[in-house]
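Dropping query-v8.pdb in here (PDB, C-alpha atoms):
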```pdb
MODEL        1
ATOM      1  CA  MET C   1       0.000   0.000   0.000  1.00  0.00           C
ATOM      2  CA  LEU C   2       2.730   2.445   0.988  1.00  0.00           C
ATOM      3  CA  ARG C   3       4.775   1.599  -2.105  1.00  0.00           C
ATOM      4  CA  LYS C   4       1.712   2.115  -4.330  1.00  0.00           C
ATOM      5  CA  GLY C   5       0.957   5.473  -2.681  1.00  0.00           C
ATOM      6  CA  PHE C   6       4.558   6.630  -3.044  1.00  0.00           C
ATOM      7  CA  SER C   7       4.629   5.537  -6.665  1.00  0.00           C
ATOM      8  CA  ARG C   8       1.506   7.561  -7.452  1.00  0.00           C
ATOM      9  CA  TRP C   9       2.913  10.544  -5.527  1.00  0.00           C
ATOM     10  CA  SER C  10       6.304  10.405  -7.229  1.00  0.00           C
ATOM     11  CA  LYS C  11       4.748  10.282 -10.696  1.00  0.00           C
ATOM     12  CA  THR C  12       2.721  13.417 -10.098  1.00  0.00           C
ATOM     13  CA  ALA C  13       4.883  15.414  -7.722  1.00  0.00           C
ATOM     14  CA  LEU C  14       8.406  15.059  -9.049  1.00  0.00           C
ATOM     15  CA  SER C  15       9.836  15.959 -12.412  1.00  0.00           C
ATOM     16  CA  THR C  16      11.836  13.341 -14.272  1.00  0.00           C
ATOM     17  CA  GLU C  17      15.128  14.759 -12.999  1.00  0.00           C
ATOM     18  CA  GLU C  18      14.003  14.470  -9.371  1.00  0.00           C
ATOM     19  CA  LYS C  19      12.479  10.966  -9.327  1.00  0.00           C
ATOM     20  CA  PHE C  20      13.839   8.415  -6.917  1.00  0.00           C
ATOM     21  CA  ALA C  21      15.442   5.234  -8.222  1.00  0.00           C
ATOM     22  CA  ASP C  22      16.111   2.386  -5.802  1.00  0.00           C
ATOM     23  CA  GLY C  23      15.463   4.686  -2.843  1.00  0.00           C
ATOM     24  CA  LYS C  24      18.054   7.226  -3.952  1.00  0.00           C
ATOM     25  CA  GLN C  25      17.423  10.649  -5.404  1.00  0.00           C
ATOM     26  CA  SER C  26      18.649  11.177  -8.930  1.00  0.00           C
ATOM     27  CA  PRO C  27      21.228  13.915  -9.388  1.00  0.00           C
ATOM     28  CA  ALA C  28      19.692  17.327 -10.040  1.00  0.00           C
ATOM     29  CA  SER C  29      20.153  18.900 -13.446  1.00  0.00           C
ATOM     30  CA  LEU C  30      22.424  21.894 -13.795  1.00  0.00           C
ATOM     31  CA  GLN C  31      19.345  24.012 -14.513  1.00  0.00           C
ATOM     32  CA  ARG C  32      17.643  22.923 -11.250  1.00  0.00           C
ATOM     33  CA  ILE C  33      20.865  23.572  -9.314  1.00  0.00           C
ATOM     34  CA  LEU C  34      21.144  27.082 -10.744  1.00  0.00           C
ATOM     35  CA  ILE C  35      17.449  27.890 -10.198  1.00  0.00           C
ATOM     36  CA  GLY C  36      17.679  26.558  -6.653  1.00  0.00           C
ATOM     37  CA  GLY C  37      20.724  28.626  -5.773  1.00  0.00           C
ATOM     38  CA  ILE C  38      19.775  31.800  -7.599  1.00  0.00           C
ATOM     39  CA  GLY C  39      16.125  31.633  -6.519  1.00  0.00           C
ATOM     40  CA  GLY C  40      17.091  31.016  -2.909  1.00  0.00           C
ATOM     41  CA  PHE C  41      19.528  33.919  -2.992  1.00  0.00           C
ATOM     42  CA  ILE C  42      17.151  36.359  -4.679  1.00  0.00           C
ATOM     43  CA  SER C  43      14.181  35.509  -2.457  1.00  0.00           C
ATOM     44  CA  VAL C  44      15.946  35.688   0.901  1.00  0.00           C
ATOM     45  CA  ALA C  45      18.031  38.712  -0.125  1.00  0.00           C
ATOM     46  CA  SER C  46      14.879  40.498  -1.326  1.00  0.00           C
ATOM     47  CA  LEU C  47      13.102  39.844   1.945  1.00  0.00           C
ATOM     48  CA  ALA C  48      16.156  41.021   3.903  1.00  0.00           C
ATOM     49  CA  LEU C  49      16.284  44.202   1.816  1.00  0.00           C
ATOM     50  CA  LEU C  50      12.572  44.827   2.426  1.00  0.00           C
ATOM     51  CA  VAL C  51      13.088  44.355   6.165  1.00  0.00           C
ATOM     52  CA  ASP C  52      15.882  46.936   6.071  1.00  0.00           C
ATOM     53  CA  ALA C  53      14.235  49.390   3.671  1.00  0.00           C
ATOM     54  CA  LEU C  54      10.773  49.378   5.243  1.00  0.00           C
ATOM     55  CA  PRO C  55      11.266  49.244   9.017  1.00  0.00           C
ATOM     56  CA  GLN C  56       7.790  50.686   9.597  1.00  0.00           C
ATOM     57  CA  LEU C  57       6.296  47.404   8.310  1.00  0.00           C
ATOM     58  CA  GLU C  58       8.221  45.432  10.953  1.00  0.00           C
ATOM     59  CA  LEU C  59       8.757  42.622   8.450  1.00  0.00           C
ATOM     60  CA  LEU C  60      10.502  39.497   9.691  1.00  0.00           C
ATOM     61  CA  LEU C  61      13.196  37.293   8.257  1.00  0.00           C
ATOM     62  CA  ILE C  62      13.288  34.098  10.286  1.00  0.00           C
ATOM     63  CA  GLY C  63      15.221  30.883   9.800  1.00  0.00           C
ATOM     64  CA  SER C  64      12.270  28.842   8.620  1.00  0.00           C
ATOM     65  CA  PHE C  65      11.905  31.175   5.635  1.00  0.00           C
ATOM     66  CA  GLY C  66      15.313  30.013   4.412  1.00  0.00           C
ATOM     67  CA  ALA C  67      14.188  26.396   4.590  1.00  0.00           C
ATOM     68  CA  SER C  68      11.051  27.299   2.630  1.00  0.00           C
ATOM     69  CA  ALA C  69      13.182  28.996  -0.029  1.00  0.00           C
ATOM     70  CA  VAL C  70      15.178  25.771  -0.424  1.00  0.00           C
ATOM     71  CA  LEU C  71      11.944  23.873  -1.099  1.00  0.00           C
ATOM     72  CA  LEU C  72      10.395  26.558  -3.324  1.00  0.00           C
ATOM     73  CA  PHE C  73      13.405  26.768  -5.628  1.00  0.00           C
ATOM     74  CA  GLY C  74      15.206  23.454  -5.133  1.00  0.00           C
ATOM     75  CA  ALA C  75      12.135  21.193  -5.158  1.00  0.00           C
ATOM     76  CA  PRO C  76       9.243  23.243  -6.564  1.00  0.00           C
ATOM     77  CA  TYR C  77       7.300  20.161  -7.695  1.00  0.00           C
ATOM     78  CA  ALA C  78       7.215  18.520  -4.271  1.00  0.00           C
ATOM     79  CA  PRO C  79       3.876  18.554  -2.434  1.00  0.00           C
ATOM     80  CA  PHE C  80       5.488  20.433   0.479  1.00  0.00           C
ATOM     81  CA  SER C  81       6.408  23.249  -1.934  1.00  0.00           C
ATOM     82  CA  GLN C  82       2.924  24.047  -3.207  1.00  0.00           C
ATOM     83  CA  PRO C  83       1.380  27.402  -2.180  1.00  0.00           C
ATOM     84  CA  ARG C  84      -1.335  25.913   0.046  1.00  0.00           C
ATOM     85  CA  ASN C  85       1.269  23.951   1.974  1.00  0.00           C
ATOM     86  CA  VAL C  86       3.795  26.778   2.188  1.00  0.00           C
ATOM     87  CA  LEU C  87       1.419  29.487   3.370  1.00  0.00           C
ATOM     88  CA  GLY C  88      -0.918  27.229   5.328  1.00  0.00           C
ATOM     89  CA  GLY C  89       1.881  25.316   7.037  1.00  0.00           C
ATOM     90  CA  HIS C  90       3.571  28.494   8.237  1.00  0.00           C
ATOM     91  CA  LEU C  91       0.335  30.131   9.415  1.00  0.00           C
ATOM     92  CA  VAL C  92      -0.971  27.057  11.250  1.00  0.00           C
ATOM     93  CA  SER C  93       2.400  26.636  12.926  1.00  0.00           C
ATOM     94  CA  ALA C  94       2.727  30.326  13.843  1.00  0.00           C
ATOM     95  CA  LEU C  95      -0.736  30.227  15.403  1.00  0.00           C
ATOM     96  CA  VAL C  96       0.135  27.119  17.408  1.00  0.00           C
ATOM     97  CA  GLY C  97       3.443  28.647  18.520  1.00  0.00           C
ATOM     98  CA  ILE C  98       1.773  31.824  19.741  1.00  0.00           C
ATOM     99  CA  LEU C  99      -0.854  29.823  21.638  1.00  0.00           C
ATOM    100  CA  CYS C 100       1.763  27.573  23.252  1.00  0.00           C
ATOM    101  CA  TYR C 101       3.912  30.522  24.330  1.00  0.00           C
ATOM    102  CA  THR C 102       0.926  32.484  25.616  1.00  0.00           C
ATOM    103  CA  TYR C 103      -1.076  29.799  27.400  1.00  0.00           C
ATOM    104  CA  LEU C 104       1.199  26.926  28.412  1.00  0.00           C
ATOM    105  CA  PRO C 105       3.341  27.079  31.538  1.00  0.00           C
ATOM    106  CA  ALA C 106       7.030  27.828  30.969  1.00  0.00           C
ATOM    107  CA  LEU C 107       8.222  24.358  31.960  1.00  0.00           C
ATOM    108  CA  PRO C 108      11.431  23.134  30.274  1.00  0.00           C
ATOM    109  CA  GLY C 109      10.520  21.646  26.904  1.00  0.00           C
ATOM    110  CA  LEU C 110       6.740  21.889  27.250  1.00  0.00           C
ATOM    111  CA  GLN C 111       6.071  24.951  25.105  1.00  0.00           C
ATOM    112  CA  GLU C 112       8.720  24.010  22.552  1.00  0.00           C
ATOM    113  CA  GLY C 113       7.620  20.399  22.176  1.00  0.00           C
ATOM    114  CA  ALA C 114       3.935  21.278  22.126  1.00  0.00           C
ATOM    115  CA  ALA C 115       4.497  23.923  19.447  1.00  0.00           C
ATOM    116  CA  VAL C 116       6.167  21.479  17.064  1.00  0.00           C
ATOM    117  CA  GLY C 117       3.972  18.482  17.905  1.00  0.00           C
ATOM    118  CA  LEU C 118       0.668  20.331  17.682  1.00  0.00           C
ATOM    119  CA  ALA C 119       1.766  22.190  14.550  1.00  0.00           C
ATOM    120  CA  THR C 120       2.527  18.842  12.908  1.00  0.00           C
ATOM    121  CA  ILE C 121      -0.890  17.475  13.883  1.00  0.00           C
ATOM    122  CA  LEU C 122      -2.710  20.538  12.573  1.00  0.00           C
ATOM    123  CA  MET C 123      -0.728  20.654   9.334  1.00  0.00           C
ATOM    124  CA  LEU C 124      -1.636  17.021   8.714  1.00  0.00           C
ATOM    125  CA  LEU C 125      -5.298  17.618   9.563  1.00  0.00           C
ATOM    126  CA  THR C 126      -5.506  20.682   7.306  1.00  0.00           C
ATOM    127  CA  ARG C 127      -3.460  19.138   4.468  1.00  0.00           C
ATOM    128  CA  THR C 128      -0.912  21.949   4.739  1.00  0.00           C
ATOM    129  CA  MET C 129       2.200  19.945   5.660  1.00  0.00           C
ATOM    130  CA  HIS C 130       5.278  22.103   5.164  1.00  0.00           C
ATOM    131  CA  PRO C 131       8.217  21.009   7.350  1.00  0.00           C
ATOM    132  CA  PRO C 132       9.717  24.508   7.742  1.00  0.00           C
ATOM    133  CA  GLY C 133       6.382  25.511   9.276  1.00  0.00           C
ATOM    134  CA  GLY C 134       7.260  23.499  12.366  1.00  0.00           C
ATOM    135  CA  ALA C 135      10.242  25.791  12.851  1.00  0.00           C
ATOM    136  CA  THR C 136       7.989  28.831  12.525  1.00  0.00           C
ATOM    137  CA  GLY C 137       5.938  27.527  15.451  1.00  0.00           C
ATOM    138  CA  LEU C 138       9.068  26.798  17.466  1.00  0.00           C
ATOM    139  CA  ILE C 139      10.446  30.283  16.743  1.00  0.00           C
ATOM    140  CA  ALA C 140       7.258  31.787  18.196  1.00  0.00           C
ATOM    141  CA  VAL C 141       8.153  30.056  21.471  1.00  0.00           C
ATOM    142  CA  ILE C 142      11.949  30.434  21.623  1.00  0.00           C
ATOM    143  CA  GLY C 143      12.208  33.816  19.871  1.00  0.00           C
ATOM    144  CA  SER C 144      13.472  37.058  21.321  1.00  0.00           C
ATOM    145  CA  GLU C 145      11.520  39.390  23.575  1.00  0.00           C
ATOM    146  CA  TYR C 146      10.904  41.558  20.510  1.00  0.00           C
ATOM    147  CA  LEU C 147       9.299  38.635  18.742  1.00  0.00           C
ATOM    148  CA  HIS C 148       7.238  37.712  21.817  1.00  0.00           C
ATOM    149  CA  ALA C 149       6.034  41.317  22.103  1.00  0.00           C
ATOM    150  CA  LEU C 150       4.577  41.070  18.594  1.00  0.00           C
ATOM    151  CA  GLY C 151       1.939  38.678  19.889  1.00  0.00           C
ATOM    152  CA  TRP C 152      -0.717  38.018  17.248  1.00  0.00           C
ATOM    153  CA  LYS C 153       1.030  40.346  14.809  1.00  0.00           C
ATOM    154  CA  TYR C 154       3.536  37.520  14.310  1.00  0.00           C
ATOM    155  CA  LEU C 155       0.877  35.763  12.188  1.00  0.00           C
ATOM    156  CA  LEU C 156       0.540  38.735   9.862  1.00  0.00           C
ATOM    157  CA  LEU C 157       4.302  39.134   9.531  1.00  0.00           C
ATOM    158  CA  VAL C 158       4.758  35.444   8.741  1.00  0.00           C
ATOM    159  CA  ALA C 159       2.022  35.718   6.082  1.00  0.00           C
ATOM    160  CA  MET C 160       3.702  38.780   4.563  1.00  0.00           C
ATOM    161  CA  GLY C 161       7.105  37.078   4.451  1.00  0.00           C
ATOM    162  CA  MET C 162       5.655  33.965   2.859  1.00  0.00           C
ATOM    163  CA  GLY C 163       3.752  36.146   0.392  1.00  0.00           C
ATOM    164  CA  VAL C 164       7.027  37.668  -0.777  1.00  0.00           C
ATOM    165  CA  LEU C 165       8.692  34.249  -1.114  1.00  0.00           C
ATOM    166  CA  LEU C 166       5.706  32.738  -2.949  1.00  0.00           C
ATOM    167  CA  LEU C 167       5.483  35.666  -5.363  1.00  0.00           C
ATOM    168  CA  LEU C 168       9.171  35.308  -6.192  1.00  0.00           C
ATOM    169  CA  ALA C 169       8.780  31.519  -6.553  1.00  0.00           C
ATOM    170  CA  LEU C 170       5.947  32.076  -9.048  1.00  0.00           C
ATOM    171  CA  ILE C 171       8.032  34.533 -11.060  1.00  0.00           C
ATOM    172  CA  ILE C 172      11.409  32.786 -11.003  1.00  0.00           C
ATOM    173  CA  ASN C 173      10.241  29.190 -11.489  1.00  0.00           C
ATOM    174  CA  ASN C 174       7.928  30.214 -14.352  1.00  0.00           C
ATOM    175  CA  LEU C 175      10.586  32.313 -16.089  1.00  0.00           C
ATOM    176  CA  VAL C 176      12.549  29.162 -16.728  1.00  0.00           C
ATOM    177  CA  LYS C 177       9.616  26.867 -17.516  1.00  0.00           C
ATOM    178  CA  PRO C 178       6.325  28.742 -18.045  1.00  0.00           C
ATOM    179  CA  GLY C 179       3.385  27.178 -16.230  1.00  0.00           C
ATOM    180  CA  SER C 180       5.597  24.913 -14.142  1.00  0.00           C
ATOM    181  CA  TYR C 181       4.851  26.350 -10.703  1.00  0.00           C
ATOM    182  CA  PRO C 182       2.717  25.687  -8.865  1.00  0.00           C
ATOM    183  CA  GLN C 183       1.686  22.150  -9.674  1.00  0.00           C
ATOM    184  CA  ARG C 184      -1.579  22.795  -7.822  1.00  0.00           C
ATOM    185  CA  TRP C 185      -3.272  25.503  -5.757  1.00  0.00           C
ATOM    186  CA  ASP C 186      -5.552  23.349  -3.599  1.00  0.00           C
TER     187      ASP C 186
ENDMDL
END
```

If you took the structure in this file and wrote it as structure tokens, what would it be?
Amino acid sequence: MLRKGFSRWSKTALSTEEKFADGKQSPASLQRILIGGIGGFISVASLALLVDALPQLELLLIGSFGASAVLLFGAPYAPFSQPRNVLGGHLVSALVGILCYTYLPALPGLQEGAAVGLATILMLLTRTMHPPGGATGLIAVIGSEYLHALGWKYLLLVAMGMGVLLLLALIINNLVKPGSYPQRWD
């Protein structure tokens, strides 16, 4: 059953260059390597420049955004890289992280573990699994006092950051192969 499910998934989610053979990933093409590196650079650098140029917006650049950029440009056909998963996974996880930090007692490991565990459960339930999202929830718990002071605004800032990355993923991935990204919107 699992093998059949993976086979169906791999046929629809991965391009020919990315398909697995005998449990190993095929080498990436030079084009995919260049798009991955250049897209990752442009997207994260653009967000960093926006953070610096528009301080009144209080935009954020957090570590999980870098992991999302790797997926968006290095593996744009993967289910985890589709817009619903990217945006939904980060927002669900940010919400969970804020709730854990705000309402759970500050016992060693409780808030942190609950943020990641509950974020995973909710991403699976909402069909928005995006592994970097788990880090977004964790960051809401372990972040700086500045980040904690944002409270619910953290959700908006995460959405804005992901909006920038998704817009750039749409532009850059489709410049190389028109109509290639996203594979699906649902």

Could you check how far atom CA of C:Tyr181 sits from atom CA of C:Ala169, in Å to one decimal?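 It comes out at 7.7 Å.
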
d(atom CA of C:Gly88, atom CA of C:Pro108) in Å: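 These atoms are spaced 28.1 Å apart.
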
Would you kindly translate the PyMOL selection byres ((chain C and resi 184) around 10) into the concrete residues it picks from this file, as a VMD selection string? chain C and resid 13 77 79 81 to 84 180 to 183 185 to 186

Nearest to C:Ile142 among C:Leu118, C:Leu170, C:Met123, C:Ile62, with distances taken over all atoms listed in the file: which residue is it? C:Ile62

Nearest candidate to C:Ile33 (options C:Val70, C:Leu49, C:Ile98, C:Met160; using only C-alpha atoms):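 When distances to C:Ile33 are compared using only C-alpha atoms, the smallest one comes from C:Val70.
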
Kindly give the distance, in Å, that separates atom CA of C:Asn173 and atom CA of C:Ile139, rounded to a single decimal. 28.3 Å

Nearest to C:Val92: which of C:Ala159, C:Leu72, C:Ala106, C:Ile38 is it, counting only C-alpha atoms?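 Going through C:Ala159, C:Leu72, C:Ala106, C:Ile38 one by one, the smallest distance to C:Val92 is for C:Ala159.
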
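Once C:Arg32 and its same-chain neighbours fewer than 2 positions away are set aside, Glu17, Glu18, Pro27, Ala28, Ser29, Leu30, Leu34, Ile35, Gly36, Gly37, Ile38, Phe73, Gly74, Ala75, Pro76, Asn173 and Val176 of chain C remain within 10 Å of it when counting all atoms listed in the file.
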
Explicit residue set for the PyMOL selection byres ((chain C and resi 44) around 12), as a JSON list (two decimals) with C-alpha atoms, in the frame of the given file:
```json
[["chain", "number", "residue", "atom", "x", "y", "z"],
["C", 36, "GLY", "CA", 17.68, 26.56, -6.65],
["C", 37, "GLY", "CA", 20.72, 28.63, -5.77],
["C", 38, "ILE", "CA", 19.77, 31.80, -7.60],
["C", 39, "GLY", "CA", 16.12, 31.63, -6.52],
["C", 40, "GLY", "CA", 17.09, 31.02, -2.91],
["C", 41, "PHE", "CA", 19.53, 33.92, -2.99],
["C", 42, "ILE", "CA", 17.15, 36.36, -4.68],
["C", 43, "SER", "CA", 14.18, 35.51, -2.46],
["C", 45, "ALA", "CA", 18.03, 38.71, -0.12],
["C", 46, "SER", "CA", 14.88, 40.50, -1.33],
["C", 47, "LEU", "CA", 13.10, 39.84, 1.94],
["C", 48, "ALA", "CA", 16.16, 41.02, 3.90],
["C", 49, "LEU", "CA", 16.28, 44.20, 1.82],
["C", 50, "LEU", "CA", 12.57, 44.83, 2.43],
["C", 51, "VAL", "CA", 13.09, 44.36, 6.16],
["C", 60, "LEU", "CA", 10.50, 39.50, 9.69],
["C", 61, "LEU", "CA", 13.20, 37.29, 8.26],
["C", 62, "ILE", "CA", 13.29, 34.10, 10.29],
["C", 63, "GLY", "CA", 15.22, 30.88, 9.80],
["C", 64, "SER", "CA", 12.27, 28.84, 8.62],
["C", 65, "PHE", "CA", 11.90, 31.18, 5.64],
["C", 66, "GLY", "CA", 15.31, 30.01, 4.41],
["C", 67, "ALA", "CA", 14.19, 26.40, 4.59],
["C", 68, "SER", "CA", 11.05, 27.30, 2.63],
["C", 69, "ALA", "CA", 13.18, 29.00, -0.03],
["C", 70, "VAL", "CA", 15.18, 25.77, -0.42],
["C", 72, "LEU", "CA", 10.40, 26.56, -3.32],
["C", 73, "PHE", "CA", 13.40, 26.77, -5.63],
["C", 161, "GLY", "CA", 7.10, 37.08, 4.45],
["C", 162, "MET", "CA", 5.66, 33.97, 2.86],
["C", 164, "VAL", "CA", 7.03, 37.67, -0.78],
["C", 165, "LEU", "CA", 8.69, 34.25, -1.11],
["C", 166, "LEU", "CA", 5.71, 32.74, -2.95],
["C", 168, "LEU", "CA", 9.17, 35.31, -6.19],
["C", 169, "ALA", "CA", 8.78, 31.52, -6.55]]
```

Step by step, gather every atom of stretch 33-52 of chain C that the file lists, find the box along x, y and z that holds them, add 8 Å on each side, and finally give centre and edge lengths in Å to one decimal, as lines of an AutoDock Vina configuration file.
```
center_x = 16.9
center_y = 35.3
center_z = -2.3
size_x = 24.6
size_y = 39.4
size_z = 32.9
```

Residues matched by the PyMOL selection byres ((chain C and resi 117) around 12), written as a PDB file with C-alpha atoms, in the frame of the given file:
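Dumped to expr.pdb:
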```
ATOM      1  CA  VAL C  92      -0.971  27.057  11.250  1.00  0.00           C
ATOM      2  CA  SER C  93       2.400  26.636  12.926  1.00  0.00           C
ATOM      3  CA  VAL C  96       0.135  27.119  17.408  1.00  0.00           C
ATOM      4  CA  GLY C  97       3.443  28.647  18.520  1.00  0.00           C
ATOM      5  CA  CYS C 100       1.763  27.573  23.252  1.00  0.00           C
ATOM      6  CA  GLY C 109      10.520  21.646  26.904  1.00  0.00           C
ATOM      7  CA  LEU C 110       6.740  21.889  27.250  1.00  0.00           C
ATOM      8  CA  GLN C 111       6.071  24.951  25.105  1.00  0.00           C
ATOM      9  CA  GLU C 112       8.720  24.010  22.552  1.00  0.00           C
ATOM     10  CA  GLY C 113       7.620  20.399  22.176  1.00  0.00           C
ATOM     11  CA  ALA C 114       3.935  21.278  22.126  1.00  0.00           C
ATOM     12  CA  ALA C 115       4.497  23.923  19.447  1.00  0.00           C
ATOM     13  CA  VAL C 116       6.167  21.479  17.064  1.00  0.00           C
ATOM     14  CA  LEU C 118       0.668  20.331  17.682  1.00  0.00           C
ATOM     15  CA  ALA C 119       1.766  22.190  14.550  1.00  0.00           C
ATOM     16  CA  THR C 120       2.527  18.842  12.908  1.00  0.00           C
ATOM     17  CA  ILE C 121      -0.890  17.475  13.883  1.00  0.00           C
ATOM     18  CA  LEU C 122      -2.710  20.538  12.573  1.00  0.00           C
ATOM     19  CA  MET C 123      -0.728  20.654   9.334  1.00  0.00           C
ATOM     20  CA  LEU C 124      -1.636  17.021   8.714  1.00  0.00           C
ATOM     21  CA  PRO C 131       8.217  21.009   7.350  1.00  0.00           C
ATOM     22  CA  GLY C 133       6.382  25.511   9.276  1.00  0.00           C
ATOM     23  CA  GLY C 134       7.260  23.499  12.366  1.00  0.00           C
ATOM     24  CA  ALA C 135      10.242  25.791  12.851  1.00  0.00           C
ATOM     25  CA  GLY C 137       5.938  27.527  15.451  1.00  0.00           C
ATOM     26  CA  LEU C 138       9.068  26.798  17.466  1.00  0.00           C
TER      27      LEU C 138
END
```

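Taking all atoms listed in the file into account, C:Met129 lies nearest to C:Leu91 out of the set C:Leu150, C:Leu91, C:Leu167, C:Ala53.
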